[in-house]
file work.cif (mmCIF, N, CA and C atoms)
data_work
#
loop_
_atom_site.label_atom_id
_atom_site.label_comp_id
_atom_site.auth_asym_id
_atom_site.auth_seq_id
_atom_site.Cartn_x
_atom_site.Cartn_y
_atom_site.Cartn_z
N MET A 13 154.28 -83.55 58.57
CA MET A 13 154.90 -83.22 57.32
C MET A 13 155.70 -84.44 56.85
N ARG A 14 155.60 -84.76 55.57
CA ARG A 14 156.37 -85.87 55.00
C ARG A 14 157.75 -85.37 54.61
N VAL A 15 158.78 -86.07 55.08
CA VAL A 15 160.15 -85.71 54.79
C VAL A 15 160.92 -86.96 54.35
N THR A 16 162.02 -86.73 53.66
CA THR A 16 162.92 -87.81 53.26
C THR A 16 164.23 -87.60 54.00
N THR A 17 164.72 -88.68 54.62
CA THR A 17 165.92 -88.57 55.43
C THR A 17 167.19 -88.51 54.57
N LEU A 18 168.16 -87.73 55.03
CA LEU A 18 169.46 -87.64 54.38
C LEU A 18 170.52 -88.35 55.21
N THR A 19 170.17 -88.74 56.40
CA THR A 19 171.06 -89.44 57.33
C THR A 19 170.22 -90.42 58.11
N THR A 20 170.85 -91.33 58.81
CA THR A 20 170.09 -92.26 59.63
C THR A 20 169.54 -91.52 60.85
N LEU A 21 168.25 -91.65 61.06
CA LEU A 21 167.58 -91.01 62.20
C LEU A 21 167.02 -92.09 63.12
N ARG A 22 166.95 -91.77 64.39
CA ARG A 22 166.24 -92.62 65.35
C ARG A 22 164.91 -91.95 65.65
N THR A 23 163.85 -92.71 65.50
CA THR A 23 162.53 -92.18 65.80
C THR A 23 161.86 -93.07 66.84
N GLY A 24 160.84 -92.54 67.43
CA GLY A 24 160.09 -93.31 68.42
C GLY A 24 160.37 -92.83 69.82
N LYS A 25 159.91 -93.62 70.75
CA LYS A 25 160.04 -93.27 72.17
C LYS A 25 161.14 -94.12 72.79
N PRO A 26 161.72 -93.63 73.89
CA PRO A 26 162.76 -94.42 74.56
C PRO A 26 162.31 -95.86 74.80
N GLY A 27 163.18 -96.78 74.49
CA GLY A 27 162.86 -98.19 74.64
C GLY A 27 162.27 -98.82 73.40
N SER A 28 161.82 -97.98 72.46
CA SER A 28 161.25 -98.54 71.23
C SER A 28 161.68 -97.70 70.01
N PHE A 29 162.95 -97.30 70.01
CA PHE A 29 163.47 -96.52 68.88
C PHE A 29 163.51 -97.38 67.62
N GLU A 30 163.32 -96.72 66.49
CA GLU A 30 163.49 -97.35 65.19
C GLU A 30 164.48 -96.52 64.39
N ALA A 31 165.32 -97.19 63.61
CA ALA A 31 166.27 -96.48 62.74
C ALA A 31 165.61 -96.24 61.39
N VAL A 32 165.72 -95.02 60.91
CA VAL A 32 165.21 -94.67 59.58
C VAL A 32 166.44 -94.34 58.74
N VAL A 33 166.69 -95.16 57.71
CA VAL A 33 167.90 -95.01 56.91
C VAL A 33 167.75 -93.91 55.87
N PRO A 34 168.88 -93.38 55.38
CA PRO A 34 168.82 -92.32 54.37
C PRO A 34 167.99 -92.74 53.15
N GLY A 35 167.18 -91.81 52.68
CA GLY A 35 166.35 -92.05 51.51
C GLY A 35 164.93 -92.47 51.83
N GLU A 36 164.66 -92.82 53.08
CA GLU A 36 163.31 -93.21 53.45
C GLU A 36 162.45 -91.98 53.71
N THR A 37 161.18 -92.09 53.39
CA THR A 37 160.23 -91.02 53.62
C THR A 37 159.41 -91.36 54.86
N ILE A 38 159.31 -90.38 55.77
CA ILE A 38 158.56 -90.59 57.00
C ILE A 38 157.68 -89.37 57.27
N GLU A 39 156.70 -89.56 58.11
CA GLU A 39 155.80 -88.49 58.55
C GLU A 39 156.25 -88.02 59.92
N LEU A 40 156.47 -86.71 60.08
CA LEU A 40 156.88 -86.13 61.35
C LEU A 40 156.00 -84.94 61.68
N PRO A 41 155.88 -84.60 62.97
CA PRO A 41 155.18 -83.36 63.32
C PRO A 41 155.89 -82.18 62.64
N ASP A 42 155.14 -81.18 62.23
CA ASP A 42 155.70 -80.05 61.49
C ASP A 42 156.88 -79.38 62.19
N THR A 43 156.78 -79.16 63.49
CA THR A 43 157.87 -78.47 64.20
C THR A 43 159.14 -79.31 64.20
N GLU A 44 159.00 -80.61 64.38
CA GLU A 44 160.18 -81.50 64.35
C GLU A 44 160.77 -81.55 62.95
N ALA A 45 159.90 -81.65 61.94
CA ALA A 45 160.37 -81.70 60.55
C ALA A 45 161.11 -80.42 60.19
N GLN A 46 160.57 -79.27 60.57
CA GLN A 46 161.22 -77.99 60.26
C GLN A 46 162.59 -77.89 60.94
N SER A 47 162.69 -78.38 62.15
CA SER A 47 163.97 -78.37 62.87
C SER A 47 165.00 -79.24 62.15
N LEU A 48 164.59 -80.41 61.71
CA LEU A 48 165.50 -81.31 61.01
C LEU A 48 165.88 -80.77 59.63
N ILE A 49 164.94 -80.12 58.96
CA ILE A 49 165.22 -79.49 57.66
C ILE A 49 166.27 -78.39 57.83
N ALA A 50 166.12 -77.59 58.86
CA ALA A 50 167.06 -76.49 59.12
C ALA A 50 168.46 -77.01 59.40
N ARG A 51 168.56 -78.23 59.93
CA ARG A 51 169.87 -78.82 60.23
C ARG A 51 170.37 -79.70 59.09
N ASP A 52 169.68 -79.69 57.94
CA ASP A 52 170.06 -80.48 56.75
C ASP A 52 170.12 -81.98 57.03
N LEU A 53 169.23 -82.47 57.89
CA LEU A 53 169.16 -83.90 58.19
C LEU A 53 168.06 -84.58 57.39
N VAL A 54 167.07 -83.80 56.95
CA VAL A 54 165.98 -84.29 56.12
C VAL A 54 165.64 -83.22 55.09
N ILE A 55 164.90 -83.64 54.07
CA ILE A 55 164.37 -82.67 53.11
C ILE A 55 162.87 -82.88 53.00
N ALA A 56 162.17 -81.82 52.66
CA ALA A 56 160.72 -81.94 52.46
C ALA A 56 160.48 -82.90 51.31
N LYS A 57 159.44 -83.67 51.39
CA LYS A 57 159.15 -84.71 50.39
C LYS A 57 159.20 -84.17 48.97
N HIS A 58 158.73 -82.95 48.75
CA HIS A 58 158.70 -82.41 47.39
C HIS A 58 160.09 -82.06 46.86
N GLU A 59 161.13 -82.14 47.72
CA GLU A 59 162.48 -81.83 47.30
C GLU A 59 163.31 -83.07 46.99
N VAL A 60 162.68 -84.22 46.83
CA VAL A 60 163.41 -85.48 46.66
C VAL A 60 164.33 -85.45 45.44
N ILE A 61 163.98 -84.73 44.42
CA ILE A 61 164.82 -84.66 43.22
C ILE A 61 166.22 -84.18 43.60
N ASP A 62 166.33 -83.22 44.50
CA ASP A 62 167.62 -82.71 44.92
C ASP A 62 168.43 -83.77 45.65
N GLN A 63 167.78 -84.72 46.29
CA GLN A 63 168.48 -85.75 47.03
C GLN A 63 169.38 -86.56 46.10
N ASP A 64 168.93 -86.84 44.88
CA ASP A 64 169.75 -87.58 43.93
C ASP A 64 171.05 -86.83 43.65
N ASN A 65 170.96 -85.53 43.47
CA ASN A 65 172.16 -84.74 43.23
C ASN A 65 173.06 -84.73 44.45
N ASP A 66 172.48 -84.67 45.64
CA ASP A 66 173.28 -84.71 46.87
C ASP A 66 174.02 -86.04 46.99
N LEU A 67 173.36 -87.13 46.63
CA LEU A 67 174.00 -88.43 46.69
C LEU A 67 175.16 -88.52 45.70
N ILE A 68 174.94 -88.04 44.50
CA ILE A 68 176.00 -88.07 43.48
C ILE A 68 177.18 -87.22 43.95
N ASP A 69 176.90 -86.05 44.53
CA ASP A 69 177.97 -85.20 45.06
C ASP A 69 178.74 -85.92 46.16
N ALA A 70 178.02 -86.62 47.02
CA ALA A 70 178.67 -87.35 48.11
C ALA A 70 179.54 -88.48 47.55
N ILE A 71 179.06 -89.16 46.53
CA ILE A 71 179.85 -90.23 45.91
C ILE A 71 181.10 -89.65 45.26
N LEU A 72 180.95 -88.50 44.60
CA LEU A 72 182.12 -87.85 43.99
C LEU A 72 183.17 -87.53 45.05
N ASP A 73 182.74 -87.02 46.19
CA ASP A 73 183.67 -86.73 47.28
C ASP A 73 184.33 -88.01 47.79
N ALA A 74 183.54 -89.08 47.89
CA ALA A 74 184.08 -90.35 48.36
C ALA A 74 185.12 -90.90 47.38
N ILE A 75 184.87 -90.76 46.10
CA ILE A 75 185.82 -91.25 45.09
C ILE A 75 187.18 -90.58 45.28
N ASP A 76 187.17 -89.30 45.60
CA ASP A 76 188.43 -88.59 45.84
C ASP A 76 189.22 -89.19 46.99
N ASP A 77 188.54 -89.82 47.94
CA ASP A 77 189.19 -90.36 49.14
C ASP A 77 189.58 -91.83 49.02
N LEU A 78 189.25 -92.46 47.88
CA LEU A 78 189.49 -93.90 47.76
C LEU A 78 190.95 -94.23 47.44
N PRO A 79 191.47 -95.27 48.07
CA PRO A 79 192.81 -95.74 47.72
C PRO A 79 192.75 -96.52 46.39
N GLN A 80 193.87 -96.71 45.77
CA GLN A 80 193.93 -97.39 44.47
C GLN A 80 193.32 -98.79 44.51
N GLU A 81 193.50 -99.50 45.64
CA GLU A 81 192.99 -100.87 45.74
C GLU A 81 191.46 -100.93 45.82
N ALA A 82 190.79 -99.80 45.91
CA ALA A 82 189.33 -99.76 45.97
C ALA A 82 188.70 -99.81 44.58
N TYR A 83 189.53 -99.85 43.55
CA TYR A 83 189.03 -99.88 42.17
C TYR A 83 189.04 -101.30 41.65
N GLY A 84 188.02 -101.63 40.85
CA GLY A 84 187.91 -102.97 40.29
C GLY A 84 188.69 -103.11 38.99
N LYS A 85 188.63 -104.30 38.42
CA LYS A 85 189.31 -104.58 37.15
C LYS A 85 188.78 -103.70 36.02
N ASP A 86 187.52 -103.28 36.15
CA ASP A 86 186.92 -102.42 35.13
C ASP A 86 187.34 -100.95 35.28
N GLY A 87 188.14 -100.67 36.30
CA GLY A 87 188.62 -99.31 36.53
C GLY A 87 187.70 -98.44 37.37
N LYS A 88 186.52 -98.96 37.69
CA LYS A 88 185.56 -98.19 38.48
C LYS A 88 185.78 -98.45 39.96
N PRO A 89 185.45 -97.48 40.78
CA PRO A 89 185.54 -97.71 42.23
C PRO A 89 184.47 -98.72 42.66
N SER A 90 184.81 -99.53 43.65
CA SER A 90 183.83 -100.52 44.10
C SER A 90 182.72 -99.85 44.90
N VAL A 91 181.53 -100.36 44.73
CA VAL A 91 180.37 -99.85 45.45
C VAL A 91 180.60 -100.00 46.96
N ARG A 92 181.13 -101.14 47.36
CA ARG A 92 181.36 -101.40 48.78
C ARG A 92 182.30 -100.36 49.39
N SER A 93 183.36 -100.00 48.67
CA SER A 93 184.31 -99.00 49.19
C SER A 93 183.64 -97.64 49.36
N ILE A 94 182.79 -97.29 48.41
CA ILE A 94 182.05 -96.02 48.51
C ILE A 94 181.11 -96.07 49.69
N GLU A 95 180.40 -97.19 49.86
CA GLU A 95 179.46 -97.33 50.97
C GLU A 95 180.17 -97.23 52.32
N GLU A 96 181.39 -97.76 52.41
CA GLU A 96 182.13 -97.69 53.67
C GLU A 96 182.44 -96.23 54.04
N ILE A 97 182.75 -95.41 53.05
CA ILE A 97 183.04 -94.01 53.32
C ILE A 97 181.77 -93.25 53.67
N LEU A 98 180.70 -93.49 52.91
CA LEU A 98 179.45 -92.76 53.11
C LEU A 98 178.61 -93.32 54.26
N THR A 99 178.90 -94.53 54.67
CA THR A 99 178.11 -95.25 55.68
C THR A 99 176.63 -95.31 55.33
N GLN A 100 176.36 -95.54 54.05
CA GLN A 100 175.00 -95.76 53.59
C GLN A 100 175.05 -96.57 52.31
N SER A 101 173.92 -97.15 51.95
CA SER A 101 173.84 -97.97 50.75
C SER A 101 173.91 -97.11 49.50
N VAL A 102 174.60 -97.63 48.49
CA VAL A 102 174.72 -96.97 47.20
C VAL A 102 174.50 -98.04 46.14
N THR A 103 173.76 -97.73 45.11
CA THR A 103 173.56 -98.70 44.04
C THR A 103 174.68 -98.58 43.01
N ALA A 104 174.84 -99.64 42.24
CA ALA A 104 175.83 -99.60 41.16
C ALA A 104 175.45 -98.51 40.15
N ALA A 105 174.16 -98.31 39.95
CA ALA A 105 173.71 -97.27 39.01
C ALA A 105 174.09 -95.88 39.51
N ASP A 106 173.96 -95.64 40.82
CA ASP A 106 174.38 -94.35 41.40
C ASP A 106 175.88 -94.17 41.23
N ARG A 107 176.64 -95.24 41.53
CA ARG A 107 178.10 -95.19 41.38
C ARG A 107 178.48 -94.88 39.93
N ASP A 108 177.78 -95.54 38.99
CA ASP A 108 178.08 -95.33 37.57
C ASP A 108 177.80 -93.90 37.13
N ARG A 109 176.68 -93.34 37.60
CA ARG A 109 176.37 -91.94 37.26
C ARG A 109 177.44 -91.01 37.82
N ALA A 110 177.83 -91.25 39.07
CA ALA A 110 178.87 -90.42 39.68
C ALA A 110 180.20 -90.62 38.97
N TRP A 111 180.53 -91.85 38.61
CA TRP A 111 181.79 -92.15 37.94
C TRP A 111 181.86 -91.46 36.58
N GLU A 112 180.74 -91.46 35.87
CA GLU A 112 180.69 -90.77 34.57
C GLU A 112 180.94 -89.27 34.76
N THR A 113 180.33 -88.70 35.76
CA THR A 113 180.53 -87.27 36.08
C THR A 113 181.98 -87.04 36.47
N TYR A 114 182.52 -87.91 37.30
CA TYR A 114 183.91 -87.79 37.76
C TYR A 114 184.86 -87.80 36.56
N GLN A 115 184.63 -88.74 35.65
CA GLN A 115 185.49 -88.83 34.47
C GLN A 115 185.40 -87.57 33.62
N SER A 116 184.20 -87.02 33.47
CA SER A 116 184.03 -85.77 32.72
C SER A 116 184.79 -84.63 33.37
N LEU A 117 184.71 -84.56 34.70
CA LEU A 117 185.41 -83.48 35.42
C LEU A 117 186.92 -83.63 35.29
N VAL A 118 187.41 -84.86 35.36
CA VAL A 118 188.85 -85.10 35.23
C VAL A 118 189.33 -84.72 33.84
N HIS A 119 188.58 -85.12 32.82
CA HIS A 119 188.99 -84.82 31.44
C HIS A 119 188.84 -83.35 31.10
N ASP A 120 187.84 -82.69 31.66
CA ASP A 120 187.67 -81.25 31.42
C ASP A 120 188.76 -80.44 32.12
N GLY A 121 189.29 -80.99 33.22
CA GLY A 121 190.31 -80.30 33.98
C GLY A 121 191.71 -80.40 33.39
N GLN A 122 191.89 -81.25 32.37
CA GLN A 122 193.24 -81.43 31.79
C GLN A 122 193.60 -80.33 30.85
#

call {"tool": "encode", "arguments": {"input": "work.cif", "output": "structure tokens"}}
result
Amino acid sequence: MRVTTLTTLRTGKPGSFEAVVPGETIELPDTEAQSLIARDLVIAKHEVIDQDNDLIDAILDAIDDLPQEAYGKDGKPSVRSIEEILTQSVTAADRDRAWETYQSLVHDGQ
């Protein structure tokens, strides 16, 4: 079964493990894939659209945890600071989408 990882996974046999980073799609035996899906470590390939929303939600949570010095001159949180909290790569475009959502939520909450 083809799945997309939501966390870093180790695959392979002892002595020859490989790390699979979040967002990568891999082929796994069905029983292993179902076990990982049940534990929310991977999603079925056809559910990749939801992964984008999960990433944005994770970035929103990370923004809440950032200290003031993690923000740039433009007022946005730095990508690097978000990546340090999430321990995974984040693009500036992902950060910008999350930041736009964050700003909407802050302004709607006033």

call {"tool": "atom_distance", "arguments": {"input": "work.cif", "atom1": "atom C of Ser116 in chain A", "atom2": "CA of Lys85 in chain A"}}
result
20.8 Å

call {"tool": "residues_around", "arguments": {"input": "work.cif", "residues": "Thr20 in chain A", "least_positions_apart": "6", "cutoff": "6 Å", "atoms": "all atoms listed in the file", "output": "list of chain:residue names"}}
result
A:Val32, A:Val33, A:Pro34

call {"tool": "atom_distance", "arguments": {"input": "work.cif", "atom1": "atom N of Asp108 in chain A", "atom2": "atom N of Leu72 in chain A"}}
result
9.5 Å

call {"tool": "residues_around", "arguments": {"input": "work.cif", "residues": "Ile71 in chain A", "least_positions_apart": "5", "cutoff": "7 Å", "atoms": "only C-alpha atoms", "output": "short mmCIF file (atom, residue, chain, number, x, y, z; two decimals) with N, CA and C atoms, in the frame of the given file"}}
result
data_model
loop_
_atom_site.label_atom_id
_atom_site.label_comp_id
_atom_site.auth_asym_id
_atom_site.auth_seq_id
_atom_site.Cartn_x
_atom_site.Cartn_y
_atom_site.Cartn_z
N ILE A 94 182.79 -97.29 48.41
CA ILE A 94 182.05 -96.02 48.51
C ILE A 94 181.11 -96.07 49.69
N ARG A 107 176.64 -95.24 41.53
CA ARG A 107 178.10 -95.19 41.38
C ARG A 107 178.48 -94.88 39.93
N ALA A 110 177.83 -91.25 39.07
CA ALA A 110 178.87 -90.42 39.68
C ALA A 110 180.20 -90.62 38.97
#

call {"tool": "select_by_dssp", "arguments": {"input": "work.cif", "residues": "range 24-111 of chain A", "states": "alpha helix (DSSP H)", "output": "ChimeraX atom specification"}}
result
/A:42-50,60-77,91-98,104-111

call {"tool": "write_last_selection", "arguments": {"input": "work.cif", "atoms": "N, CA and C atoms", "output": "tab-separated table (two decimals), in the coordinates of the input"}}
result
chain	number	residue	atom	x	y	z
A	42	ASP	N	155.14	-81.18	62.23
A	42	ASP	CA	155.70	-80.05	61.49
A	42	ASP	C	156.88	-79.38	62.19
A	43	THR	N	156.78	-79.16	63.49
A	43	THR	CA	157.87	-78.47	64.20
A	43	THR	C	159.14	-79.31	64.20
A	44	GLU	N	159.00	-80.61	64.38
A	44	GLU	CA	160.18	-81.50	64.35
A	44	GLU	C	160.77	-81.55	62.95
A	45	ALA	N	159.90	-81.65	61.94
A	45	ALA	CA	160.37	-81.70	60.55
A	45	ALA	C	161.11	-80.42	60.19
A	46	GLN	N	160.57	-79.27	60.57
A	46	GLN	CA	161.22	-77.99	60.26
A	46	GLN	C	162.59	-77.89	60.94
A	47	SER	N	162.69	-78.38	62.15
A	47	SER	CA	163.97	-78.37	62.87
A	47	SER	C	165.00	-79.24	62.15
A	48	LEU	N	164.59	-80.41	61.71
A	48	LEU	CA	165.50	-81.31	61.01
A	48	LEU	C	165.88	-80.77	59.63
A	49	ILE	N	164.94	-80.12	58.96
A	49	ILE	CA	165.22	-79.49	57.66
A	49	ILE	C	166.27	-78.39	57.83
A	50	ALA	N	166.12	-77.59	58.86
A	50	ALA	CA	167.06	-76.49	59.12
A	50	ALA	C	168.46	-77.01	59.40
A	60	VAL	N	162.68	-84.22	46.83
A	60	VAL	CA	163.41	-85.48	46.66
A	60	VAL	C	164.33	-85.45	45.44
A	61	ILE	N	163.98	-84.73	44.42
A	61	ILE	CA	164.82	-84.66	43.22
A	61	ILE	C	166.22	-84.18	43.60
A	62	ASP	N	166.33	-83.22	44.50
A	62	ASP	CA	167.62	-82.71	44.92
A	62	ASP	C	168.43	-83.77	45.65
A	63	GLN	N	167.78	-84.72	46.29
A	63	GLN	CA	168.48	-85.75	47.03
A	63	GLN	C	169.38	-86.56	46.10
A	64	ASP	N	168.93	-86.84	44.88
A	64	ASP	CA	169.75	-87.58	43.93
A	64	ASP	C	171.05	-86.83	43.65
A	65	ASN	N	170.96	-85.53	43.47
A	65	ASN	CA	172.16	-84.74	43.23
A	65	ASN	C	173.06	-84.73	44.45
A	66	ASP	N	172.48	-84.67	45.64
A	66	ASP	CA	173.28	-84.71	46.87
A	66	ASP	C	174.02	-86.04	46.99
A	67	LEU	N	173.36	-87.13	46.63
A	67	LEU	CA	174.00	-88.43	46.69
A	67	LEU	C	175.16	-88.52	45.70
A	68	ILE	N	174.94	-88.04	44.50
A	68	ILE	CA	176.00	-88.07	43.48
A	68	ILE	C	177.18	-87.22	43.95
A	69	ASP	N	176.90	-86.05	44.53
A	69	ASP	CA	177.97	-85.20	45.06
A	69	ASP	C	178.74	-85.92	46.16
A	70	ALA	N	178.02	-86.62	47.02
A	70	ALA	CA	178.67	-87.35	48.11
A	70	ALA	C	179.54	-88.48	47.55
A	71	ILE	N	179.06	-89.16	46.53
A	71	ILE	CA	179.85	-90.23	45.91
A	71	ILE	C	181.10	-89.65	45.26
A	72	LEU	N	180.95	-88.50	44.60
A	72	LEU	CA	182.12	-87.85	43.99
A	72	LEU	C	183.17	-87.53	45.05
A	73	ASP	N	182.74	-87.02	46.19
A	73	ASP	CA	183.67	-86.73	47.28
A	73	ASP	C	184.33	-88.01	47.79
A	74	ALA	N	183.54	-89.08	47.89
A	74	ALA	CA	184.08	-90.35	48.36
A	74	ALA	C	185.12	-90.90	47.38
A	75	ILE	N	184.87	-90.76	46.10
A	75	ILE	CA	185.82	-91.25	45.09
A	75	ILE	C	187.18	-90.58	45.28
A	76	ASP	N	187.17	-89.30	45.60
A	76	ASP	CA	188.43	-88.59	45.84
A	76	ASP	C	189.22	-89.19	46.99
A	77	ASP	N	188.54	-89.82	47.94
A	77	ASP	CA	189.19	-90.36	49.14
A	77	ASP	C	189.58	-91.83	49.02
A	91	VAL	N	181.53	-100.36	44.73
A	91	VAL	CA	180.37	-99.85	45.45
A	91	VAL	C	180.60	-100.00	46.96
A	92	ARG	N	181.13	-101.14	47.36
A	92	ARG	CA	181.36	-101.40	48.78
A	92	ARG	C	182.30	-100.36	49.39
A	93	SER	N	183.36	-100.00	48.67
A	93	SER	CA	184.31	-99.00	49.19
A	93	SER	C	183.64	-97.64	49.36
A	94	ILE	N	182.79	-97.29	48.41
A	94	ILE	CA	182.05	-96.02	48.51
A	94	ILE	C	181.11	-96.07	49.69
A	95	GLU	N	180.40	-97.19	49.86
A	95	GLU	CA	179.46	-97.33	50.97
A	95	GLU	C	180.17	-97.23	52.32
A	96	GLU	N	181.39	-97.76	52.41
A	96	GLU	CA	182.13	-97.69	53.67
A	96	GLU	C	182.44	-96.23	54.04
A	97	ILE	N	182.75	-95.41	53.05
A	97	ILE	CA	183.04	-94.01	53.32
A	97	ILE	C	181.77	-93.25	53.67
A	98	LEU	N	180.70	-93.49	52.91
A	98	LEU	CA	179.45	-92.76	53.11
A	98	LEU	C	178.61	-93.32	54.26
A	104	ALA	N	174.84	-99.64	42.24
A	104	ALA	CA	175.83	-99.60	41.16
A	104	ALA	C	175.45	-98.51	40.15
A	105	ALA	N	174.16	-98.31	39.95
A	105	ALA	CA	173.71	-97.27	39.01
A	105	ALA	C	174.09	-95.88	39.51
A	106	ASP	N	173.96	-95.64	40.82
A	106	ASP	CA	174.38	-94.35	41.40
A	106	ASP	C	175.88	-94.17	41.23
A	107	ARG	N	176.64	-95.24	41.53
A	107	ARG	CA	178.10	-95.19	41.38
A	107	ARG	C	178.48	-94.88	39.93
A	108	ASP	N	177.78	-95.54	38.99
A	108	ASP	CA	178.08	-95.33	37.57
A	108	ASP	C	177.80	-93.90	37.13
A	109	ARG	N	176.68	-93.34	37.60
A	109	ARG	CA	176.37	-91.94	37.26
A	109	ARG	C	177.44	-91.01	37.82
A	110	ALA	N	177.83	-91.25	39.07
A	110	ALA	CA	178.87	-90.42	39.68
A	110	ALA	C	180.20	-90.62	38.97
A	111	TRP	N	180.53	-91.85	38.61
A	111	TRP	CA	181.79	-92.15	37.94
A	111	TRP	C	181.86	-91.46	36.58

call {"tool": "closest_residue", "arguments": {"input": "work.cif", "among": "A:Met13, A:Ala74, A:Leu21, A:Ala105", "to": "Gln46 in chain A", "atoms": "all atoms listed in the file"}}
result
A:Met13

call {"tool": "atom_distance", "arguments": {"input": "work.cif", "atom1": "CA of Gln80 in chain A", "atom2": "atom N of Leu67 in chain A"}}
result
23.1 Å

call {"tool": "select_by_dssp", "arguments": {"input": "work.cif", "residues": "chain A", "states": "strand (DSSP E)", "output": "count of residues only"}}
result
16

call {"tool": "residues_around", "arguments": {"input": "work.cif", "residues": "Thr37 in chain A", "least_positions_apart": "3", "cutoff": "7 Å", "atoms": "all atoms listed in the file", "output": "JSON, numbers by chain"}}
result
{"A": [14, 15, 16, 17, 34]}

call {"tool": "write_last_selection", "arguments": {"input": "work.cif", "atoms": "N, CA and C atoms", "output": "mmCIF file, in the coordinates of the input"}}
result
data_model
loop_
_atom_site.group_PDB
_atom_site.id
_atom_site.type_symbol
_atom_site.label_atom_id
_atom_site.label_comp_id
_atom_site.auth_asym_id
_atom_site.auth_seq_id
_atom_site.Cartn_x
_atom_site.Cartn_y
_atom_site.Cartn_z
ATOM 1 N N ARG A 14 155.600 -84.760 55.570
ATOM 2 C CA ARG A 14 156.370 -85.870 55.000
ATOM 3 C C ARG A 14 157.750 -85.370 54.610
ATOM 4 N N VAL A 15 158.780 -86.070 55.080
ATOM 5 C CA VAL A 15 160.150 -85.710 54.790
ATOM 6 C C VAL A 15 160.920 -86.960 54.350
ATOM 7 N N THR A 16 162.020 -86.730 53.660
ATOM 8 C CA THR A 16 162.920 -87.810 53.260
ATOM 9 C C THR A 16 164.230 -87.600 54.000
ATOM 10 N N THR A 17 164.720 -88.680 54.620
ATOM 11 C CA THR A 17 165.920 -88.570 55.430
ATOM 12 C C THR A 17 167.190 -88.510 54.570
ATOM 13 N N PRO A 34 168.880 -93.380 55.380
ATOM 14 C CA PRO A 34 168.820 -92.320 54.370
ATOM 15 C C PRO A 34 167.990 -92.740 53.150
#

call {"tool": "closest_residue", "arguments": {"input": "work.cif", "among": "A:Ser93, A:Gly84, A:Thr103, A:Glu36", "to": "Ala56 in chain A", "atoms": "only C-alpha atoms"}}
result
A:Glu36

call {"tool": "residues_near_point", "arguments": {"input": "work.cif", "point": "(162.8, -88.9, 62.6)", "cutoff": "9 Å", "atoms": "only C-alpha atoms", "output": "PyMOL selection string"}}
result
chain A and resi 15+17+20-24+30-32+38-40+44-45+48+54

call {"tool": "axis_aligned_box", "arguments": {"input": "work.cif", "around": "range 100-116 of chain A", "padding_each_side": "3 Å", "output": "lines of an AutoDock Vina configuration file"}}
result
center_x = 179.5
center_y = -92.1
center_z = 43.4
size_x = 17.9
size_y = 21.0
size_z = 27.3

call {"tool": "residues_around", "arguments": {"input": "work.cif", "residues": "Gly87 in chain A", "least_positions_apart": "3", "cutoff": "12 Å", "atoms": "only C-alpha atoms", "output": "list in words"}}
result
Gln80, Glu81, Ala82, Tyr83, Gly84, Ser90, Asp108, Trp111, Glu112 and Gln115 of chain A

call {"tool": "residues_near_point", "arguments": {"input": "work.cif", "point": "(183.4, -87.9, 51.8)", "cutoff": "6.5 Å", "atoms": "only N, CA and C atoms", "output": "list in words"}}
result
Ala70, Asp73, Ala74, Ile97 and Leu98 of chain A

call {"tool": "closest_residue", "arguments": {"input": "work.cif", "among": "A:Asp42, A:Asp52, A:Glu95, A:Asp76", "to": "Thr19 in chain A", "atoms": "only N, CA and C atoms"}}
result
A:Asp52
